[in-house]
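Visitor: Next up, data-v6.txt (compact mmCIF, C-alpha atoms).
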# COMPACT_ATOMS: atom_id res chain seq x y z
CA MET A 1 50.36 23.52 15.39
CA ALA A 2 50.34 19.71 15.25
CA GLU A 3 48.70 17.12 17.51
CA ILE A 4 50.19 13.74 18.50
CA LYS A 5 47.21 11.59 19.49
CA ASP A 6 49.03 8.32 20.31
CA GLY A 7 52.03 9.60 22.23
CA ILE A 8 55.47 10.51 21.03
CA LEU A 9 55.64 7.50 18.71
CA GLY A 10 52.15 8.07 17.25
CA GLY A 11 51.10 9.76 14.07
CA VAL A 12 51.14 13.54 13.66
CA HIS A 13 48.15 15.57 12.54
CA GLY A 14 48.81 19.16 11.53
CA THR A 15 51.69 21.44 10.70
CA VAL A 16 55.06 21.47 12.41
CA GLY A 17 57.17 24.26 10.91
CA THR A 18 57.45 23.43 7.23
CA VAL A 19 56.14 19.87 7.67
CA VAL A 20 52.50 18.72 7.54
CA GLY A 21 51.39 15.42 9.11
CA PHE A 22 48.33 13.56 7.82
CA MET A 23 46.77 10.09 7.58
CA TRP A 24 46.01 8.38 4.26
CA ARG A 25 44.50 4.90 3.88
CA GLY A 26 44.98 4.17 7.54
CA ARG A 27 48.68 5.14 7.55
CA TYR A 28 50.42 8.29 8.77
CA PHE A 29 52.51 10.47 6.43
CA ILE A 30 54.32 13.76 6.53
CA ARG A 31 55.02 16.13 3.68
CA SER A 32 56.45 19.56 3.15
CA LYS A 33 54.18 22.50 3.62
CA PRO A 34 52.92 23.71 0.23
CA SER A 35 53.87 27.19 -0.80
CA LYS A 36 51.18 29.75 -1.52
CA SER A 37 50.15 30.01 -5.14
CA HIS A 38 49.99 33.41 -6.75
CA LYS A 39 48.02 32.17 -9.75
CA LEU A 40 44.49 33.40 -10.18
CA ALA A 41 41.85 30.69 -9.85
CA THR A 42 39.77 29.87 -12.90
CA GLU A 43 35.99 30.26 -12.95
CA ALA A 44 35.53 26.49 -12.63
CA GLN A 45 37.86 26.41 -9.60
CA VAL A 46 36.04 29.31 -7.96
CA LEU A 47 32.67 27.61 -8.53
CA GLN A 48 33.93 24.29 -7.19
CA ARG A 49 35.37 25.93 -4.08
CA SER A 50 32.12 27.81 -3.50
CA LYS A 51 30.13 24.57 -3.74
CA LEU A 52 32.46 22.79 -1.35
CA GLY A 53 32.34 25.65 1.15
CA VAL A 54 28.53 25.82 1.15
CA LEU A 55 28.16 22.04 1.52
CA SER A 56 30.81 21.65 4.18
CA SER A 57 29.25 24.38 6.32
CA PHE A 58 25.72 22.95 5.98
CA VAL A 59 26.57 19.25 6.46
CA SER A 60 28.71 20.00 9.51
CA LYS A 61 25.52 20.84 11.41
CA PHE A 62 24.32 17.22 10.95
CA LYS A 63 27.80 15.67 11.35
CA ASP A 64 27.23 13.62 14.50
CA PHE A 65 23.86 12.22 13.44
CA ILE A 66 25.02 11.49 9.87
CA ASN A 67 28.22 9.73 10.94
CA GLU A 68 26.17 7.50 13.25
CA HIS A 69 23.45 6.66 10.68
CA TYR A 70 25.51 6.09 7.52
CA PRO A 71 27.03 2.69 6.64
CA GLN A 72 30.75 2.31 6.11
CA ALA A 73 31.79 2.85 2.51
CA LEU A 74 34.90 3.26 0.40
CA LEU A 75 35.38 6.65 -1.21
CA ASN A 76 38.44 7.23 -3.41
CA ASN A 77 39.93 3.96 -2.14
CA LYS A 78 39.59 4.84 1.54
CA MET A 79 36.99 4.49 4.24
CA ALA A 80 34.73 7.55 4.27
CA THR A 81 32.62 8.92 7.12
CA GLY A 82 28.95 9.70 6.71
CA LYS A 83 29.72 13.39 6.35
CA GLU A 84 32.21 12.74 3.54
CA GLN A 85 29.74 10.46 1.74
CA LEU A 86 26.97 13.05 1.91
CA ILE A 87 29.21 15.87 0.67
CA SER A 88 30.35 13.68 -2.24
CA MET A 89 26.72 12.89 -3.22
CA LEU A 90 25.58 16.50 -2.97
CA MET A 91 28.56 17.77 -4.96
CA LYS A 92 27.40 15.61 -7.87
CA GLU A 93 23.64 16.21 -7.80
CA GLY A 94 22.63 18.35 -4.82
CA ILE A 95 23.72 21.83 -5.91
CA VAL A 96 21.68 24.27 -8.01
CA ASN A 97 22.68 27.71 -9.25
CA VAL A 98 20.34 30.53 -8.22
CA GLU A 99 21.32 33.86 -9.81
CA GLY A 100 24.89 32.61 -10.17
CA GLU A 101 25.19 31.47 -6.56
CA PRO A 102 25.44 27.76 -5.57
CA CYS A 103 22.54 26.67 -3.37
CA ILE A 104 21.75 23.33 -1.76
CA ASP A 105 18.75 21.32 -2.92
CA ILE A 106 17.64 20.32 0.59
CA ALA A 107 15.17 17.74 -0.72
CA LYS A 108 18.16 15.62 -1.83
CA VAL A 109 19.85 15.67 1.59
CA LEU A 110 19.86 12.21 3.21
CA VAL A 111 20.62 12.26 6.90
CA SER A 112 20.58 8.46 7.15
CA ILE A 113 20.88 5.43 4.87
CA GLY A 114 19.55 1.97 5.72
CA PRO A 115 17.34 -0.98 4.61
CA LEU A 116 14.44 -0.57 7.07
CA PRO A 117 11.21 0.47 5.27
CA PRO A 118 9.94 3.81 6.59
CA ALA A 119 6.34 4.56 7.44
CA VAL A 120 4.57 6.94 5.06
CA ILE A 121 4.30 10.35 6.72
CA LYS A 122 0.87 11.74 5.85
CA LYS A 123 1.01 15.13 7.57
CA ILE A 124 3.25 17.39 9.67
CA ASN A 125 1.72 20.56 11.06
CA GLN A 126 1.77 22.85 14.09
CA LEU A 127 -1.18 22.74 16.48
CA LYS A 128 -2.69 25.73 18.26
CA THR A 129 -0.80 24.68 21.39
CA GLY A 130 2.48 25.17 19.52
CA ARG A 131 3.31 21.46 19.47
CA ILE A 132 4.11 19.64 16.22
CA LYS A 133 1.88 16.77 15.11
CA VAL A 134 3.17 13.97 12.88
CA GLN A 135 0.79 11.41 11.41
CA TRP A 136 1.82 8.35 9.38
CA ASP A 137 0.55 5.22 7.63
CA ASN A 138 1.92 1.69 8.17
CA SER A 139 1.04 0.32 4.73
CA ILE A 140 4.67 -0.38 3.74
CA THR A 141 5.98 -3.43 5.62
CA ASN A 142 8.32 -6.38 5.20
CA VAL A 143 10.14 -8.89 7.40
CA LEU A 144 12.28 -6.11 8.90
CA THR A 145 9.45 -3.86 10.06
CA LYS A 146 8.20 -4.21 13.62
CA ASN A 147 5.54 -2.38 15.62
CA THR A 148 8.27 -1.43 18.07
CA ASP A 149 10.32 0.54 15.50
CA ARG A 150 11.10 4.05 16.78
CA LEU A 151 10.62 7.37 15.01
CA SER A 152 13.25 10.13 15.14
CA ILE A 153 12.79 13.62 13.68
CA ILE A 154 15.54 15.92 12.41
CA ALA A 155 14.53 19.61 12.17
CA TYR A 156 16.48 22.45 10.55
CA ARG A 157 15.58 26.09 11.25
CA GLU A 158 16.58 28.34 8.36
CA SER A 159 16.72 31.75 10.06
CA LEU A 160 18.72 30.50 13.04
CA ASP A 161 20.77 28.03 10.97
CA LEU A 162 20.31 25.42 13.69
CA VAL A 163 19.58 21.70 13.73
CA ALA A 164 17.50 19.85 16.36
CA GLU A 165 17.33 16.09 16.84
CA ILE A 166 14.22 14.62 18.48
CA SER A 167 14.98 10.92 19.03
CA ALA A 168 12.66 7.95 19.66
CA ILE A 169 9.49 9.99 20.12
CA ALA A 170 7.01 7.26 19.09
CA LYS A 171 6.56 3.66 17.98
CA ARG A 172 5.47 2.58 14.51
CA GLU A 173 2.19 1.20 15.88
CA ASP A 174 1.20 4.59 17.39
CA ARG A 175 0.36 6.10 13.96
CA TYR A 176 0.75 9.69 15.25
CA VAL A 177 2.67 11.71 17.83
CA HIS A 178 2.90 15.22 19.28
CA PHE A 179 6.27 16.72 20.22
CA ASP A 180 7.88 20.05 21.10
CA LEU A 181 10.57 22.00 19.25
CA PRO A 182 13.18 24.10 21.08
CA LYS A 183 11.59 27.01 22.94
CA GLU A 184 13.37 29.66 20.85
CA TRP A 185 11.84 28.23 17.67
CA LYS A 186 8.63 30.24 17.83
CA GLU A 187 8.32 31.33 14.19
CA GLY A 188 9.96 30.91 10.82
CA LYS A 189 10.49 28.06 8.36
CA VAL A 190 11.49 24.61 9.57
CA HIS A 191 12.60 21.64 7.45
CA PHE A 192 11.80 18.13 8.69
CA TRP A 193 13.32 14.68 8.04
CA SER A 194 12.04 11.40 9.51
CA VAL A 195 14.21 8.38 10.37
CA TRP A 196 13.01 4.98 11.64
CA LYS A 197 15.14 2.71 13.79
CA SER A 198 14.58 -0.74 15.26
CA ALA A 199 14.16 -1.04 19.00
CA ASP A 200 17.74 -2.31 19.36
CA ASP A 201 19.11 0.45 17.06
CA LYS A 202 20.70 -2.15 14.77
CA VAL A 203 18.55 -1.47 11.67
CA ILE A 204 17.72 2.01 10.36
CA SER A 205 15.82 3.45 7.43
CA THR A 206 16.85 5.88 4.75
CA SER A 207 15.66 9.31 5.78
CA ALA A 208 12.65 10.98 4.14
CA TYR A 209 12.38 14.74 3.61
CA HIS A 210 8.98 16.33 4.37
CA GLY A 211 9.34 19.89 3.17
CA ILE A 212 8.86 23.16 5.03
CA THR A 213 6.49 23.86 7.92
CA GLN A 214 5.78 27.51 8.75
CA LEU A 215 5.79 28.25 12.47
CA GLY A 216 4.17 31.17 14.26
CA ASP A 217 1.37 33.36 12.96
CA ASN A 218 0.55 31.19 9.98
CA SER A 219 0.20 28.01 11.99
CA GLU A 220 -3.55 28.52 12.60
CA GLN A 221 -4.03 29.19 8.92
CA LEU A 222 -2.20 25.96 8.09
CA ILE A 223 -4.37 24.08 10.57
CA GLU A 224 -7.55 25.53 9.04
CA GLU A 225 -6.31 24.57 5.58
CA GLY A 226 -5.67 21.07 6.87
CA LYS A 227 -9.19 20.91 8.31
CA SER A 228 -10.69 22.16 5.06
CA GLN A 229 -8.76 19.54 3.15
CA GLU A 230 -9.96 16.87 5.57
CA SER A 231 -13.58 18.07 5.27
CA TYR A 232 -13.27 18.12 1.49
CA SER A 233 -11.87 14.59 1.49
CA GLU A 234 -14.72 13.47 3.79
CA LEU A 235 -17.29 15.06 1.46
CA GLU A 236 -15.63 13.39 -1.50
CA ASN A 237 -15.77 10.05 0.29
CA GLU A 238 -19.48 10.54 1.04
CA VAL A 239 -20.15 11.23 -2.65
CA LEU A 240 -18.27 8.08 -3.63
CA VAL A 241 -20.23 6.03 -1.09
CA ALA A 242 -23.53 7.41 -2.43
CA GLU A 243 -22.52 6.58 -6.00
CA LYS A 244 -21.58 3.04 -4.97
CA ARG A 245 -24.97 2.61 -3.29
CA GLU A 246 -26.77 3.70 -6.46
CA VAL A 247 -24.70 1.22 -8.48
CA ILE A 248 -25.59 -1.56 -6.04
CA LYS A 249 -29.31 -0.67 -6.23
CA LEU A 250 -29.25 -0.74 -10.02
CA SER A 251 -27.41 -4.04 -10.06
CA VAL A 252 -29.86 -5.63 -7.61
CA SER A 253 -32.99 -4.34 -9.39
CA THR A 254 -34.41 -6.78 -11.96
CA LYS A 255 -36.19 -4.10 -13.95
CA ARG A 256 -34.19 -2.31 -16.62
CA GLU A 257 -35.27 0.96 -18.12
CA ASP A 258 -33.34 0.45 -21.34
CA VAL A 259 -35.29 -2.75 -22.20
CA LYS A 260 -38.83 -2.36 -23.55
CA GLU A 261 -41.48 -4.49 -22.01
CA LYS A 262 -42.78 -7.22 -24.29
CA GLU A 263 -46.41 -7.04 -25.40
CA PRO A 264 -48.63 -9.76 -23.86
CA LEU A 265 -49.34 -12.68 -26.21
CA ASP A 266 -52.96 -13.46 -27.13
CA ILE A 267 -53.24 -17.05 -25.99
CA GLU A 268 -56.55 -18.90 -25.91
CA GLN A 269 -57.56 -20.60 -22.73
CA HIS A 270 -56.80 -24.27 -22.50
CA LYS A 271 -59.76 -26.52 -23.28
CA GLU A 272 -60.04 -29.98 -21.90
CA PRO A 273 -60.28 -32.65 -24.61
CA GLU A 274 -63.62 -34.33 -25.13
CA LYS A 275 -64.00 -37.78 -23.59
CA VAL A 276 -64.17 -40.49 -26.16
CA GLY A 277 -65.79 -43.76 -25.20
CA LEU A 278 -63.92 -46.92 -26.09
CA ILE A 279 -66.01 -49.59 -27.80
CA GLU A 280 -65.21 -53.02 -26.57
CA ASN A 281 -64.66 -55.56 -29.23
CA ILE A 282 -67.11 -58.31 -28.34
CA SER A 283 -66.85 -60.25 -31.57
CA LYS A 284 -66.61 -63.98 -30.87
CA LYS A 285 -64.06 -66.30 -32.28
CA LYS A 286 -65.40 -68.53 -35.03
CA TRP A 287 -63.77 -71.65 -33.65
CA ALA A 288 -65.30 -71.25 -30.17
CA PRO A 289 -68.48 -73.26 -29.52
CA PRO A 290 -71.73 -71.38 -29.16
CA GLY A 291 -72.28 -69.90 -25.71
CA PHE A 292 -68.59 -70.40 -24.69
CA TYR A 293 -67.90 -66.72 -24.05
CA GLY A 294 -71.43 -65.87 -23.03
CA SER A 295 -73.21 -62.55 -23.36
CA GLU A 296 -72.25 -59.21 -21.74
CA LYS A 297 -75.08 -59.55 -19.28
CA SER A 298 -73.92 -62.96 -18.23
CA ARG A 299 -70.72 -61.45 -16.78
CA ASP A 300 -72.70 -59.90 -13.98
CA LYS A 301 -74.50 -63.15 -13.20
CA GLU A 302 -73.36 -65.67 -10.67
CA VAL A 303 -71.34 -68.63 -11.93
CA VAL A 304 -73.43 -71.82 -11.97
CA PRO A 305 -71.50 -74.99 -11.18
CA LEU A 306 -71.29 -77.56 -13.97
CA GLY A 307 -73.21 -80.78 -13.84
CA GLU A 308 -71.76 -84.24 -13.87
CA ASN A 309 -72.34 -84.83 -17.60
CA ALA A 310 -71.34 -81.30 -18.66
CA ALA A 311 -68.28 -80.85 -20.82
CA ARG A 312 -65.28 -79.60 -18.89
CA SER A 313 -63.09 -78.71 -21.84
CA VAL A 314 -63.20 -77.93 -25.53
CA LEU A 315 -62.18 -81.45 -26.47
CA GLU A 316 -65.02 -82.95 -24.48
CA ALA A 317 -67.48 -80.59 -26.08
CA MET A 318 -66.48 -81.58 -29.64
CA PRO A 319 -68.57 -84.34 -31.30
CA PRO A 320 -66.94 -87.74 -31.65
CA SER A 321 -65.07 -88.44 -34.86
CA LEU A 322 -66.58 -90.86 -37.41
CA ASP A 323 -63.32 -92.69 -37.86
CA SER A 324 -63.19 -93.68 -34.24
CA ASP A 325 -64.07 -97.24 -33.36
Once more with this new file: its structure as structure tokens, please.

Guide:
Amino acid sequence: MAEIKDGILGGVHGTVGTVVGFMWRGRYFIRSKPSKSHKLATEAQVLQRSKLGVLSSFVSKFKDFINEHYPQALLNNKMATGKEQLISMLMKEGIVNVEGEPCIDIAKVLVSIGPLPPAVIKKINQLKTGRIKVQWDNSITNVLTKNTDRLSIIAYRESLDLVAEISAIAKREDRYVHFDLPKEWKEGKVHFWSVWKSADDKVISTSAYHGITQLGDNSEQLIEEGKSQESYSELENEVLVAEKREVIKLSVSTKREDVKEKEPLDIEQHKEPEKVGLIENISKKKWAPPGFYGSEKSRDKEVVPLGENAARSVLEAMPPSLDSD
């Protein structure tokens, strides 16, 4: 049965008798219905068909979210949807053989692709109340990251083969959040992916896979393990702090144990030098007249004024020359 989406003059999708309508590169075509082949498929063909069947069934569960959070891209010279892009990627590197059966490597499944840096998810675990706690770190930032970026969680339940989307449950600045899973998800293994989107939904991040969280009876055990890990990390931090304090004490201390103390030097006490009296040179000049300089005792005597006939200079004191008239 065929479908005409755009009226009687529109393109045909599907089979009409022996004719098949389809669209290729944005244009509508029809072709004859292929006849059934009676040839046996080769091992490579069987393996390839098995891979494609497993991937198509799994990716279809995320189809709406993936198509909305994948950028437009050309695949085999035509525009491909997010689902087609993901199937193509997983066909190349997302399939592993387990006992001869193709299985999906879920860690390589990307439910979104975008340039926004994601926050680093530190822990996802189930609380005693049954709620899921997610805690993250905001150390990775750039010009695109904002405190108002929103966190969305994609959860896949293995046993039920169901997918749940929990959208915009917290802001980047919150650093942690508690949320609820569907009520029927009481136990079993759940896979989680995180996706960050800007407040206006124009910029998204590439999804990050966070492994398996066991729900139900083992949740308390997981919580206790988480507490023990936290207590161990706290103890380790205390040891590191104590070691740093010891290092600081050693660096501040001026006394070093590895250096031997020097023996005290035998130094004699300082002696003041003996006072030496200076002898004044009182020798008189030969050319000076007698009594010109006077004696030492005369220095302490009062100065007697000179008489009228007393010599007032050396020239006056000298005797007159014989040659003078």

Visitor: Nearest to Ala208 of chain A: which of A:Ile66, A:Ala164, A:Leu47, A:Val120 is it, counting only C-alpha atoms?

Guide: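 With only C-alpha atoms as the atom set, the closest residue is A:Val120.
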
Visitor: Quick one: of A:Lys83, A:Met89, A:Ile132, A:Leu151, who's nearest to His69 of chain A, counting only C-alpha atoms?

Guide: A:Lys83

Visitor: Once you count only C-alpha atoms, which residues end up no further than 8 Å from (16.8, 15.9, 14.8) in the file's frame, shown as JSON, numbers by chain?

Guide: {"A": [152, 153, 154, 155, 156, 163, 164, 165, 166, 167, 193]}

Visitor: Could you tell me which of A:Gly216, A:Gly130, A:Gly211, A:Pro102 comes closest to Leu52 of chain A if we count only C-alpha atoms?

Guide: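 Residue with the minimum atom-to-atom distance to Leu52 of chain A: A:Pro102.
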
Visitor: Rounded to one decimal in Å, what is the spacing between atom CA of Ser50 of chain A and atom CA of Leu75 of chain A?

Guide: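 So the answer is 21.5 Å.
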
Visitor: As an exercise, work out the distance from atom CA of Ile140 of chain A to atom CA of Thr206 of chain A in Å and give it to one decimal place.

Guide: 13.7 Å

Visitor: For Gln135 of chain A, which residue out of A:Ala170, A:Lys33, A:Val109, A:Glu68 is the nearest one, using only C-alpha atoms?

Guide: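 Between A:Ala170, A:Lys33, A:Val109, A:Glu68, the residue approaching Gln135 of chain A most closely is A:Ala170.
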
Visitor: Please report the interatomic distance between atom CA of Ser88 of chain A and atom CA of Lys61 of chain A in Å with one decimal.

Guide: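 Interatomic distance here is 16.2 Å.
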
Visitor: Between A:Asp64, A:Glu101, A:Asp174, A:Asp180, which one has atoms that come closest to Leu127 of chain A, using all atoms listed in the file?

Guide: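 For Leu127 of chain A, the nearest of the candidates is A:Asp180.
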
Visitor: When you look at Val190 of chain A with a cut-off of 7 Å (counting all atoms listed in the file), what residues show up, excluding the ones that are within fewer than 2 positions of it in the same chain? I need them as JSON, numbers by chain.

Guide: {"A": [155, 156, 157, 158, 188, 192, 212, 213, 214]}

Visitor: Take the residues that were just selected and, keeping C-alpha atoms, output them as a PDB file, in the coordinates of the input.

Guide:
ATOM      1  CA  ALA A 155      14.530  19.610  12.170  1.00  0.00           C
ATOM      2  CA  TYR A 156      16.480  22.450  10.550  1.00  0.00           C
ATOM      3  CA  ARG A 157      15.580  26.090  11.250  1.00  0.00           C
ATOM      4  CA  GLU A 158      16.580  28.340   8.360  1.00  0.00           C
ATOM      5  CA  GLY A 188       9.960  30.910  10.820  1.00  0.00           C
ATOM      6  CA  PHE A 192      11.800  18.130   8.690  1.00  0.00           C
ATOM      7  CA  ILE A 212       8.860  23.160   5.030  1.00  0.00           C
ATOM      8  CA  THR A 213       6.490  23.860   7.920  1.00  0.00           C
ATOM      9  CA  GLN A 214       5.780  27.510   8.750  1.00  0.00           C
TER      10      GLN A 214
END

Visitor: What's around segment 114-118 of chain A at 7 Å? Count only C-alpha atoms, leave out sequence neighbours fewer than 6 positions away in its own chain, and write the answer as a list in words.

Guide: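 Skipping anything fewer than 6 positions along the chain leaves Ile140, Thr141, Leu144, Thr145, Trp196, Val203, Ile204, Ser205 and Thr206 of chain A.
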